[in-house]
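*Asks:* File coords_5.pdb follows (PDB, C-alpha atoms):
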```
ATOM      1  CA  MET M 201      18.741   5.068 -25.269
ATOM      2  CA  SER M 202      17.819   4.096 -28.830
ATOM      3  CA  GLU M 203      14.648   5.488 -30.292
ATOM      4  CA  ALA M 204      11.977   3.428 -32.043
ATOM      5  CA  LYS M 205      11.810   3.904 -35.814
ATOM      6  CA  SER M 206       8.116   4.641 -35.661
ATOM      7  CA  SER M 207       5.826   5.994 -32.988
ATOM      8  CA  VAL M 208       3.070   3.694 -34.245
ATOM      9  CA  THR M 209       3.002   0.183 -32.842
ATOM     10  CA  SER M 210       0.893  -2.797 -33.785
ATOM     11  CA  PRO M 211      -1.203  -4.771 -31.288
ATOM     12  CA  ALA M 212       1.434  -7.501 -31.440
ATOM     13  CA  ASP M 213       3.973  -5.109 -29.936
ATOM     14  CA  HIS M 214       2.028  -4.776 -26.705
ATOM     15  CA  THR M 215       2.491  -7.083 -23.764
ATOM     16  CA  PRO M 216      -0.896  -8.649 -22.941
ATOM     17  CA  PRO M 217      -2.301  -7.926 -19.485
ATOM     18  CA  ALA M 218      -1.563 -10.417 -16.751
ATOM     19  CA  PRO M 219      -4.390 -12.812 -15.871
ATOM     20  CA  ALA M 220      -6.628 -11.412 -13.151
ATOM     21  CA  SER M 221      -5.447 -14.096 -10.732
ATOM     22  CA  ALA M 222      -1.838 -12.940 -11.184
ATOM     23  CA  ARG M 223      -2.460  -9.278 -10.473
ATOM     24  CA  ARG M 224      -1.840  -7.752  -7.087
ATOM     25  CA  PRO M 225      -4.824  -6.202  -5.262
ATOM     26  CA  ALA M 226      -5.622  -2.683  -6.441
ATOM     27  CA  PHE M 227      -3.275   0.048  -5.245
ATOM     28  CA  ARG M 228      -1.039  -2.364  -3.353
ATOM     29  CA  LEU M 229       2.733  -1.974  -3.365
ATOM     30  CA  ASP M 230       3.735  -5.254  -1.751
ATOM     31  CA  GLY M 231       7.311  -6.187  -2.629
ATOM     32  CA  ARG M 232       8.137  -2.689  -3.873
ATOM     33  CA  VAL M 233      10.975  -0.593  -2.438
ATOM     34  CA  ALA M 234      10.499   3.178  -2.118
ATOM     35  CA  LEU M 235      12.828   6.058  -1.253
ATOM     36  CA  VAL M 236      11.159   9.282  -0.099
ATOM     37  CA  THR M 237      13.360  12.344   0.346
ATOM     38  CA  GLY M 238      12.565  15.042   2.881
ATOM     39  CA  ALA M 239      10.393  12.572   4.781
ATOM     40  CA  GLY M 240      11.225  13.552   8.334
ATOM     41  CA  ARG M 241       8.041  15.567   8.593
ATOM     42  CA  GLY M 242       5.274  17.241   6.603
ATOM     43  CA  LEU M 243       4.146  15.999   3.220
ATOM     44  CA  GLY M 244       7.168  13.732   2.831
ATOM     45  CA  LEU M 245       6.351  11.900   6.039
ATOM     46  CA  GLU M 246       2.709  11.513   5.015
ATOM     47  CA  MET M 247       3.673  10.069   1.637
ATOM     48  CA  ALA M 248       6.057   7.659   3.345
ATOM     49  CA  LYS M 249       3.240   6.510   5.631
ATOM     50  CA  ALA M 250       0.893   6.025   2.690
ATOM     51  CA  LEU M 251       3.419   4.023   0.671
ATOM     52  CA  ALA M 252       4.265   1.887   3.688
ATOM     53  CA  GLY M 253       0.570   1.389   4.423
ATOM     54  CA  ALA M 254       0.139   0.096   0.870
ATOM     55  CA  GLY M 255       2.787  -2.558   1.481
ATOM     56  CA  ALA M 256       6.013  -0.975   0.252
ATOM     57  CA  ARG M 257       9.306  -1.229   2.064
ATOM     58  CA  VAL M 258      10.186   2.419   2.595
ATOM     59  CA  VAL M 259      13.458   4.276   3.044
ATOM     60  CA  ILE M 260      13.016   7.807   4.330
ATOM     61  CA  ASN M 261      15.567  10.567   3.883
ATOM     62  CA  GLY M 262      16.424  13.740   5.738
ATOM     63  CA  ARG M 263      19.525  15.499   7.000
ATOM     64  CA  ARG M 264      19.111  15.054  10.772
ATOM     65  CA  ALA M 265      19.705  11.436  11.734
ATOM     66  CA  ALA M 266      17.972  11.453  15.134
ATOM     67  CA  ALA M 267      14.833  13.212  13.906
ATOM     68  CA  LEU M 268      14.749  10.984  10.850
ATOM     69  CA  GLU M 269      14.927   7.791  12.878
ATOM     70  CA  ALA M 270      12.108   9.086  15.101
ATOM     71  CA  ALA M 271      10.013   9.624  11.964
ATOM     72  CA  ALA M 272      10.886   6.130  10.722
ATOM     73  CA  GLU M 273       9.732   4.661  14.021
ATOM     74  CA  GLU M 274       6.475   6.606  13.713
ATOM     75  CA  VAL M 275       5.862   5.082  10.275
ATOM     76  CA  ARG M 276       6.686   1.596  11.569
ATOM     77  CA  ARG M 277       4.331   2.012  14.502
ATOM     78  CA  GLU M 278       1.437   3.232  12.363
ATOM     79  CA  THR M 279       1.829   0.831   9.439
ATOM     80  CA  GLY M 280       3.768  -2.192  10.668
ATOM     81  CA  ALA M 281       5.918  -1.902   7.539
ATOM     82  CA  GLU M 282       9.656  -2.273   7.084
ATOM     83  CA  VAL M 283      11.055   1.268   7.238
ATOM     84  CA  ALA M 284      14.673   2.408   7.148
ATOM     85  CA  SER M 285      16.133   5.870   7.661
ATOM     86  CA  LEU M 286      18.900   7.137   5.397
ATOM     87  CA  PRO M 287      20.253  10.582   6.313
ATOM     88  CA  PHE M 288      22.019  12.498   3.538
ATOM     89  CA  ASP M 289      21.904  15.913   1.906
ATOM     90  CA  VAL M 290      20.183  15.636  -1.476
ATOM     91  CA  ALA M 291      22.159  18.653  -2.692
ATOM     92  CA  ASP M 292      25.339  16.573  -2.340
ATOM     93  CA  VAL M 293      25.476  14.676  -5.629
ATOM     94  CA  ALA M 294      28.025  12.145  -4.384
ATOM     95  CA  ALA M 295      25.964  11.460  -1.260
ATOM     96  CA  GLY M 296      22.879  10.900  -3.401
ATOM     97  CA  ARG M 297      24.731   8.443  -5.610
ATOM     98  CA  GLU M 298      25.963   6.559  -2.541
ATOM     99  CA  ALA M 299      22.440   6.527  -1.079
ATOM    100  CA  ILE M 300      20.952   4.923  -4.181
ATOM    101  CA  ALA M 301      23.736   2.344  -4.126
ATOM    102  CA  GLU M 302      23.048   1.651  -0.447
ATOM    103  CA  VAL M 303      19.349   1.085  -1.118
ATOM    104  CA  ALA M 304      20.236  -1.259  -3.985
ATOM    105  CA  GLY M 305      22.711  -3.126  -1.823
ATOM    106  CA  ARG M 306      20.245  -3.582   1.018
ATOM    107  CA  PHE M 307      17.088  -4.378  -0.917
ATOM    108  CA  GLY M 308      18.414  -5.453  -4.303
ATOM    109  CA  ARG M 309      16.281  -2.914  -6.134
ATOM    110  CA  LEU M 310      14.544   0.459  -6.034
ATOM    111  CA  ASP M 311      11.043   0.703  -7.465
ATOM    112  CA  ILE M 312       9.826   4.118  -6.346
ATOM    113  CA  LEU M 313      11.628   7.432  -5.880
ATOM    114  CA  VAL M 314       9.675  10.333  -4.421
ATOM    115  CA  ASN M 315      11.782  13.462  -4.838
ATOM    116  CA  ASN M 316      10.152  15.616  -2.188
ATOM    117  CA  VAL M 317      12.890  17.878  -0.807
ATOM    118  CA  GLY M 318      12.445  21.552  -1.597
ATOM    119  CA  ALA M 319      13.369  24.963  -0.251
ATOM    120  CA  ARG M 320      11.652  28.316  -0.641
ATOM    121  CA  ASP M 321      12.849  31.901  -0.504
ATOM    122  CA  ARG M 322      10.146  34.450  -1.287
ATOM    123  CA  ARG M 323      11.861  37.618  -2.503
ATOM    124  CA  PRO M 324      11.780  39.750  -5.642
ATOM    125  CA  LEU M 325      14.400  38.724  -8.178
ATOM    126  CA  LYS M 326      16.224  42.046  -7.737
ATOM    127  CA  ASP M 327      17.006  41.034  -4.142
ATOM    128  CA  PHE M 328      18.736  37.766  -5.091
ATOM    129  CA  SER M 329      22.450  37.534  -5.644
ATOM    130  CA  PRO M 330      23.525  35.086  -8.358
ATOM    131  CA  GLU M 331      24.887  32.820  -5.632
ATOM    132  CA  GLU M 332      21.615  32.827  -3.677
ATOM    133  CA  ALA M 333      19.587  32.072  -6.790
ATOM    134  CA  ALA M 334      21.953  29.270  -7.776
ATOM    135  CA  ALA M 335      21.727  27.713  -4.301
ATOM    136  CA  LEU M 336      17.922  27.610  -4.419
ATOM    137  CA  VAL M 337      17.890  26.189  -7.940
ATOM    138  CA  THR M 338      20.415  23.565  -6.856
ATOM    139  CA  THR M 339      18.176  22.361  -4.018
ATOM    140  CA  ASP M 340      14.881  22.531  -5.886
ATOM    141  CA  LEU M 341      15.904  21.375  -9.362
ATOM    142  CA  VAL M 342      19.477  20.130  -9.766
ATOM    143  CA  ALA M 343      19.424  17.887  -6.671
ATOM    144  CA  PRO M 344      16.252  15.974  -7.652
ATOM    145  CA  MET M 345      17.506  15.814 -11.227
ATOM    146  CA  MET M 346      20.724  14.070 -10.197
ATOM    147  CA  LEU M 347      18.966  11.729  -7.770
ATOM    148  CA  ALA M 348      16.432  10.804 -10.455
ATOM    149  CA  ARG M 349      19.315  10.079 -12.813
ATOM    150  CA  GLU M 350      20.810   7.534 -10.424
ATOM    151  CA  ALA M 351      17.454   5.969  -9.565
ATOM    152  CA  ALA M 352      16.274   5.741 -13.174
ATOM    153  CA  GLU M 353      19.295   3.728 -14.255
ATOM    154  CA  LEU M 354      18.793   1.269 -11.402
ATOM    155  CA  MET M 355      15.071   0.982 -12.164
ATOM    156  CA  ALA M 356      15.694   0.524 -15.874
ATOM    157  CA  ALA M 357      17.973  -2.422 -15.126
ATOM    158  CA  HIS M 358      15.006  -4.137 -13.443
ATOM    159  CA  ARG M 359      12.522  -2.975 -16.108
ATOM    160  CA  HIS M 360      10.265  -1.365 -13.532
ATOM    161  CA  GLY M 361      10.171   1.962 -11.746
ATOM    162  CA  ARG M 362       8.208   5.008 -10.689
ATOM    163  CA  LEU M 363       9.883   8.413 -10.604
ATOM    164  CA  ILE M 364       7.702  10.898  -8.718
ATOM    165  CA  ALA M 365       8.651  14.518  -8.093
ATOM    166  CA  VAL M 366       6.819  16.811  -5.712
ATOM    167  CA  THR M 367       6.671  20.114  -7.534
ATOM    168  CA  SER M 368       4.117  22.773  -6.599
ATOM    169  CA  ILE M 369       1.247  24.650  -8.130
ATOM    170  CA  ALA M 370       3.909  27.372  -8.328
ATOM    171  CA  GLY M 371       5.321  25.377 -11.217
ATOM    172  CA  GLN M 372       2.149  26.176 -13.173
ATOM    173  CA  VAL M 373       0.949  29.513 -11.843
ATOM    174  CA  ALA M 374       2.951  32.384 -10.397
ATOM    175  CA  ASN M 375       2.645  34.584  -7.342
ATOM    176  CA  ARG M 376       4.349  37.891  -6.666
ATOM    177  CA  HIS M 377       7.885  37.921  -5.315
ATOM    178  CA  ASP M 378       8.551  34.217  -5.731
ATOM    179  CA  PRO M 379      10.511  34.001  -9.012
ATOM    180  CA  VAL M 380      13.378  31.615  -8.275
ATOM    181  CA  TYR M 381      11.205  29.006  -6.578
ATOM    182  CA  THR M 382       8.625  29.282  -9.354
ATOM    183  CA  ALA M 383      11.275  28.854 -12.045
ATOM    184  CA  SER M 384      12.771  25.851 -10.244
ATOM    185  CA  LYS M 385       9.420  24.111  -9.861
ATOM    186  CA  ALA M 386       8.521  24.767 -13.485
ATOM    187  CA  GLY M 387      11.886  23.264 -14.422
ATOM    188  CA  LEU M 388      11.195  20.224 -12.259
ATOM    189  CA  THR M 389       7.889  19.741 -14.054
ATOM    190  CA  GLY M 390       9.731  19.886 -17.372
ATOM    191  CA  LEU M 391      12.287  17.396 -16.112
ATOM    192  CA  MET M 392       9.620  14.823 -15.270
ATOM    193  CA  ARG M 393       8.100  15.183 -18.713
ATOM    194  CA  ALA M 394      11.504  14.688 -20.309
ATOM    195  CA  LEU M 395      12.233  11.610 -18.187
ATOM    196  CA  ALA M 396       8.785  10.279 -19.102
ATOM    197  CA  VAL M 397       9.929  10.218 -22.719
ATOM    198  CA  ASP M 398      13.429   8.900 -22.056
ATOM    199  CA  TYR M 399      12.692   6.007 -19.699
ATOM    200  CA  ALA M 400       9.189   4.758 -20.459
ATOM    201  CA  ARG M 401      10.377   1.938 -22.723
ATOM    202  CA  SER M 402      12.560   0.732 -19.868
ATOM    203  CA  GLY M 403       9.473   0.215 -17.721
ATOM    204  CA  VAL M 404       9.954   3.458 -15.773
ATOM    205  CA  THR M 405       7.220   6.090 -15.594
ATOM    206  CA  SER M 406       7.825   9.682 -14.498
ATOM    207  CA  ASN M 407       5.172  11.924 -13.000
ATOM    208  CA  ALA M 408       4.796  14.885 -10.674
ATOM    209  CA  ILE M 409       2.557  15.833  -7.775
ATOM    210  CA  ALA M 410       1.783  19.540  -7.478
ATOM    211  CA  PRO M 411       0.453  20.370  -3.998
ATOM    212  CA  GLY M 412      -1.443  23.516  -3.234
ATOM    213  CA  MET M 413      -1.786  25.035   0.227
ATOM    214  CA  PHE M 414      -1.362  22.390   2.911
ATOM    215  CA  ALA M 415      -1.482  22.858   6.670
ATOM    216  CA  THR M 416       2.037  21.567   7.320
ATOM    217  CA  GLU M 417       4.534  22.569   9.986
ATOM    218  CA  THR M 418       6.172  24.885   7.458
ATOM    219  CA  ASN M 419       2.909  26.794   7.005
ATOM    220  CA  GLU M 420       1.958  26.789  10.692
ATOM    221  CA  SER M 421       2.220  30.560  11.092
ATOM    222  CA  LEU M 422       0.018  31.128   8.046
ATOM    223  CA  VAL M 423      -2.531  28.576   9.245
ATOM    224  CA  LYS M 424      -2.777  30.468  12.531
ATOM    225  CA  ASP M 425      -3.096  33.794  10.719
ATOM    226  CA  ALA M 426      -6.858  34.450  10.628
ATOM    227  CA  ALA M 427      -6.610  36.839   7.700
ATOM    228  CA  PHE M 428      -4.580  34.447   5.570
ATOM    229  CA  SER M 429      -6.808  31.485   6.398
ATOM    230  CA  ALA M 430      -9.782  33.626   5.398
ATOM    231  CA  PHE M 431      -8.030  34.184   2.064
ATOM    232  CA  VAL M 432      -7.572  30.407   1.703
ATOM    233  CA  ASP M 433     -11.271  29.919   2.416
ATOM    234  CA  VAL M 434     -12.137  32.242  -0.470
ATOM    235  CA  ARG M 435      -9.377  31.287  -2.919
ATOM    236  CA  VAL M 436      -9.586  27.489  -2.645
ATOM    237  CA  PRO M 437     -12.896  26.103  -3.980
ATOM    238  CA  VAL M 438     -13.153  23.428  -1.262
ATOM    239  CA  GLY M 439     -12.880  26.251   1.278
ATOM    240  CA  ARG M 440     -10.005  25.087   3.470
ATOM    241  CA  TRP M 441      -6.338  24.195   3.794
ATOM    242  CA  GLY M 442      -5.242  20.796   2.551
ATOM    243  CA  ARG M 443      -4.736  18.184   5.270
ATOM    244  CA  PRO M 444      -1.219  16.674   5.074
ATOM    245  CA  GLN M 445      -2.554  13.121   4.962
ATOM    246  CA  GLU M 446      -4.445  13.990   1.776
ATOM    247  CA  ILE M 447      -1.200  13.975  -0.226
ATOM    248  CA  GLY M 448      -0.403  10.316   0.488
ATOM    249  CA  PRO M 449      -2.992   8.672  -1.787
ATOM    250  CA  ALA M 450      -1.657  10.656  -4.759
ATOM    251  CA  ALA M 451       1.785   9.142  -4.240
ATOM    252  CA  VAL M 452       0.348   5.654  -3.818
ATOM    253  CA  PHE M 453      -1.634   5.966  -7.041
ATOM    254  CA  LEU M 454       1.316   7.133  -9.129
ATOM    255  CA  ALA M 455       3.511   4.409  -7.599
ATOM    256  CA  SER M 456       0.983   1.652  -8.241
ATOM    257  CA  ASP M 457       0.450  -0.741 -11.127
ATOM    258  CA  GLU M 458      -2.852   1.031 -11.762
ATOM    259  CA  ALA M 459      -0.855   4.066 -12.943
ATOM    260  CA  SER M 460       1.245   2.067 -15.420
ATOM    261  CA  PHE M 461      -0.133   4.112 -18.353
ATOM    262  CA  VAL M 462       0.134   7.457 -16.549
ATOM    263  CA  ASN M 463       3.389   9.028 -17.705
ATOM    264  CA  GLY M 464       4.564  12.642 -17.903
ATOM    265  CA  HIS M 465       1.558  13.831 -15.899
ATOM    266  CA  VAL M 466       1.269  16.494 -13.200
ATOM    267  CA  LEU M 467      -1.271  15.426 -10.586
ATOM    268  CA  VAL M 468      -2.485  18.651  -8.989
ATOM    269  CA  VAL M 469      -3.656  18.302  -5.375
ATOM    270  CA  ASP M 470      -4.859  21.778  -4.492
ATOM    271  CA  GLY M 471      -8.584  21.705  -3.782
ATOM    272  CA  GLY M 472      -9.202  23.357  -7.137
ATOM    273  CA  GLN M 473      -7.162  26.490  -6.483
ATOM    274  CA  THR M 474      -5.460  26.620  -9.869
ATOM    275  CA  VAL M 475      -8.677  26.256 -11.857
ATOM    276  CA  ARG M 476     -10.486  29.120 -10.162
ATOM    277  CA  MET M 477     -10.625  32.478 -11.924
TER     278      MET M 477
END
```
Kindly return the structure encoded in the file as structure tokens.
*Replies:*
Amino acid sequence: MSEAKSSVTSPADHTPPAPASARRPAFRLDGRVALVTGAGRGLGLEMAKALAGAGARVVINGRRAAALEAAAEEVRRETGAEVASLPFDVADVAAGREAIAEVAGRFGRLDILVNNVGARDRRPLKDFSPEEAAALVTTDLVAPMMLAREAAELMAAHRHGRLIAVTSIAGQVANRHDPVYTASKAGLTGLMRALAVDYARSGVTSNAIAPGMFATETNESLVKDAAFSAFVDVRVPVGRWGRPQEIGPAAVFLASDEASFVNGHVLVVDGGQTVRM
């Protein structure tokens, strides 16, 4: 991509805003096409529901076809939106490339990519083999990087797109015995900032959502642990776990026209946990 000769632009360089009558209602995604990875359950499923509820046509991804189709039917039932399931392993670069091509072939475009898939392995670094560390980094950083690459080129061709990565507050603050995941999420944050610079002039913005502690299926044992939930009550300023449905509006905002000037940002959704001393 060619770089501009100067970072300073004149008012004449800016496209004037559309007349009010031509703008879509606030935070609506009608006509947009979204792909959400890892959307068979948890935060991915909630973001898919929110995007669909805002009018987007949504493709949800996971590895288990039957479970994924059940999730797609749940989104259809709750939102009345057009929802398709697309099972593939995001760590398989070729499968990801084929998936983006399939979305383009079916819908003619892709406007929103939510890279949500992630894995976690809490162990001290000394307990990781190089192969184990590489596998986790592949899932949490390389896989979304390659999928974003394919999506960004398709979006750029249509001069519109929203790349959204679900990172974690672990990408900004560290906890004990969680080094590989933390490094991967910090790398994913850096990736979104880099893509924000590379693709913005093609009409594609790149941002991240950093969730804190949410009461998802993955955290069910911790939610039921009275001692840990007491810790959450003290550590998180709002005094509770995040509700999974509270992540959806963040995705809708970043995907919307209202966020057209939000680029390279990390939207933290953690009840204030990372700002507390």
*Asks:* My list of candidates is M:Val373, M:Ala294, M:Val258, M:Val469. Which is closest to M:Gly412 when distances are computed with only C-alpha atoms?
*Replies:* M:Val469
*Asks:* Let me know the residues the PyMOL selection byres ((chain M and resi 319) around 7) catches in the file above, as a list in words.
*Replies:* Gly318, Arg320, Asp321, Leu336, Thr339 and Asp340 of chain M
*Asks:* Just give me the residues with any atom within 10 Å of (-4.2, 27.6, 6.3), file coordinates, counting all atoms listed in the file, written as a list of chain:residue names.
*Replies:*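 So the residues meeting the distance criterion are M:Met413, M:Phe414, M:Ala415, M:Thr416, M:Asn419, M:Glu420, M:Ser421, M:Leu422, M:Val423, M:Lys424, M:Asp425, M:Ala426, M:Ala427, M:Phe428, M:Ser429, M:Ala430, M:Phe431, M:Val432, M:Asp433, M:Arg440, M:Trp441, M:Gly442, M:Arg443.
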*Asks:* Near M:Leu354, counting all atoms listed in the file, which residues have an atom at most 9 Å away, once you skip same-chain residues fewer than 6 positions from it, shown as a VMD selection string?
*Replies:* chain M and resid 300 to 301 304 309 to 311 361
*Asks:* Evaluated on this file, the PyMOL selection byres ((chain M and resi 268) around 10) picks out some residues - which ones are they, written as a PyMOL selection string?
*Replies:* chain M and resi 238-241+245+260-267+269-274+284-287
*Asks:* Between atom CA of M:Ala374 and atom CA of M:Glu246, what is the distance, to one decimal in Å?
*Replies:*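 If I compute the distance from atom CA of M:Ala374 to atom CA of M:Glu246, I get 25.9 Å.
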*Asks:* Neighbourhood query: residues within 8 Å of (7.7, 16.6, -3.5), file coordinates, counting all atoms listed in the file; return as a short mmCIF file (atom, residue, chain, number, x, y, z; two decimals) with C-alpha atoms, in the coordinates of the input.
*Replies:*
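The result, stored in part37.cif:
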```cif
data_model
loop_
_atom_site.label_atom_id
_atom_site.label_comp_id
_atom_site.auth_asym_id
_atom_site.auth_seq_id
_atom_site.Cartn_x
_atom_site.Cartn_y
_atom_site.Cartn_z
CA LEU M 243 4.15 16.00 3.22
CA GLY M 244 7.17 13.73 2.83
CA VAL M 314 9.68 10.33 -4.42
CA ASN M 315 11.78 13.46 -4.84
CA ASN M 316 10.15 15.62 -2.19
CA VAL M 317 12.89 17.88 -0.81
CA GLY M 318 12.44 21.55 -1.60
CA ILE M 364 7.70 10.90 -8.72
CA ALA M 365 8.65 14.52 -8.09
CA VAL M 366 6.82 16.81 -5.71
CA THR M 367 6.67 20.11 -7.53
CA SER M 368 4.12 22.77 -6.60
CA ALA M 408 4.80 14.88 -10.67
CA ILE M 409 2.56 15.83 -7.78
CA ALA M 410 1.78 19.54 -7.48
#
```
*Asks:* Just to confirm, what's the straight-line distance from atom CA of M:Val290 to atom CA of M:Arg376 in Å (one decimal)?
*Replies:*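 According to the coordinates, atom CA of M:Val290 and atom CA of M:Arg376 are separated by 27.8 Å.
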*Asks:* As an exercise, work out the distance from atom CA of M:Ala450 to atom CA of M:Lys249 in Å and give it to one decimal place.
*Replies:*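 Atom CA of M:Lys249 lies at a distance of 12.2 Å from atom CA of M:Ala450.
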*Asks:* Quick one: everything within 7 Å of stretch 398-403 of chain M, counting only C-alpha atoms, minus sequence neighbours fewer than 5 positions away in the same chain. Send it as a PyMOL selection string.
*Replies:* chain M and resi 356+359-361
*Asks:* Could you list, as an mmCIF file with C-alpha atoms, keeping the file's coordinate frame, every residue matched by the PyMOL selection byres ((chain M and resi 333) around 12) in this structure?
*Replies:*
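File result.cif, as written:
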```cif
data_model
loop_
_atom_site.group_PDB
_atom_site.id
_atom_site.type_symbol
_atom_site.label_atom_id
_atom_site.label_comp_id
_atom_site.auth_asym_id
_atom_site.auth_seq_id
_atom_site.Cartn_x
_atom_site.Cartn_y
_atom_site.Cartn_z
ATOM 1 C CA ALA M 319 13.369 24.963 -0.251
ATOM 2 C CA ARG M 320 11.652 28.316 -0.641
ATOM 3 C CA ASP M 321 12.849 31.901 -0.504
ATOM 4 C CA ARG M 322 10.146 34.450 -1.287
ATOM 5 C CA ARG M 323 11.861 37.618 -2.503
ATOM 6 C CA PRO M 324 11.780 39.750 -5.642
ATOM 7 C CA LEU M 325 14.400 38.724 -8.178
ATOM 8 C CA LYS M 326 16.224 42.046 -7.737
ATOM 9 C CA ASP M 327 17.006 41.034 -4.142
ATOM 10 C CA PHE M 328 18.736 37.766 -5.091
ATOM 11 C CA SER M 329 22.450 37.534 -5.644
ATOM 12 C CA PRO M 330 23.525 35.086 -8.358
ATOM 13 C CA GLU M 331 24.887 32.820 -5.632
ATOM 14 C CA GLU M 332 21.615 32.827 -3.677
ATOM 15 C CA ALA M 334 21.953 29.270 -7.776
ATOM 16 C CA ALA M 335 21.727 27.713 -4.301
ATOM 17 C CA LEU M 336 17.922 27.610 -4.419
ATOM 18 C CA VAL M 337 17.890 26.189 -7.940
ATOM 19 C CA THR M 338 20.415 23.565 -6.856
ATOM 20 C CA THR M 339 18.176 22.361 -4.018
ATOM 21 C CA ASP M 340 14.881 22.531 -5.886
ATOM 22 C CA LEU M 341 15.904 21.375 -9.362
ATOM 23 C CA ASP M 378 8.551 34.217 -5.731
ATOM 24 C CA PRO M 379 10.511 34.001 -9.012
ATOM 25 C CA VAL M 380 13.378 31.615 -8.275
ATOM 26 C CA TYR M 381 11.205 29.006 -6.578
ATOM 27 C CA THR M 382 8.625 29.282 -9.354
ATOM 28 C CA ALA M 383 11.275 28.854 -12.045
ATOM 29 C CA SER M 384 12.771 25.851 -10.244
#
```
*Asks:* Quick one: everything within 12 Å of M:Thr474, counting all atoms listed in the file, minus sequence neighbours fewer than 2 positions away in the same chain. Send it as a ChimeraX atom specification.
*Replies:* /M:368-375,410-413,435-438,467-472,476-477
*Asks:* Ranking M:Arg362, M:Leu235, M:Leu391, M:Val397 by minimum distance to M:Ser456 and counting only C-alpha atoms, which one comes first?
*Replies:*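 So, comparing all the options, the nearest one is M:Arg362.
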*Asks:* Emit as JSON the padded axis-aligned box for all listed atoms of stretch 444-459 of chain M, 4 Å per side, with centre and edge lengths in Å to one decimal.
*Replies:*
```
{"center_x": -0.5, "center_y": 8.0, "center_z": -3.9, "size_x": 16.0, "size_y": 25.4, "size_z": 26.0}
```
*Asks:* Of the residues M:Val475, M:Ala386, M:Leu363, M:Leu347, which is the one nearest to M:Val462, using only C-alpha atoms?
*Replies:*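 Result for the nearest residue to M:Val462: M:Leu363.
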*Asks:* Could you tell me which of M:Gly255, M:Gly296, M:Pro225, M:Gly308 comes closest to M:Glu282 if we count only C-alpha atoms?
*Replies:*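 Answer, going by the shortest atom-to-atom distance: M:Gly255.
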*Asks:* Check the smallest atom-to-atom distance from each of M:Leu313, M:Val434, M:Met355, M:Val452 to M:Met247 using all atoms listed in the file, then report the winner.
*Replies:*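 Of M:Leu313, M:Val434, M:Met355, M:Val452, the one nearest M:Met247 is M:Val452, counting all atoms listed in the file.
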*Asks:* Select, from M:Ala256, M:Leu454, M:Val466, M:Ala357, the residue with the minimum atom-to-atom distance to M:Arg393, counting only C-alpha atoms.
*Replies:*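 Closest residue, counting only C-alpha atoms: M:Val466.
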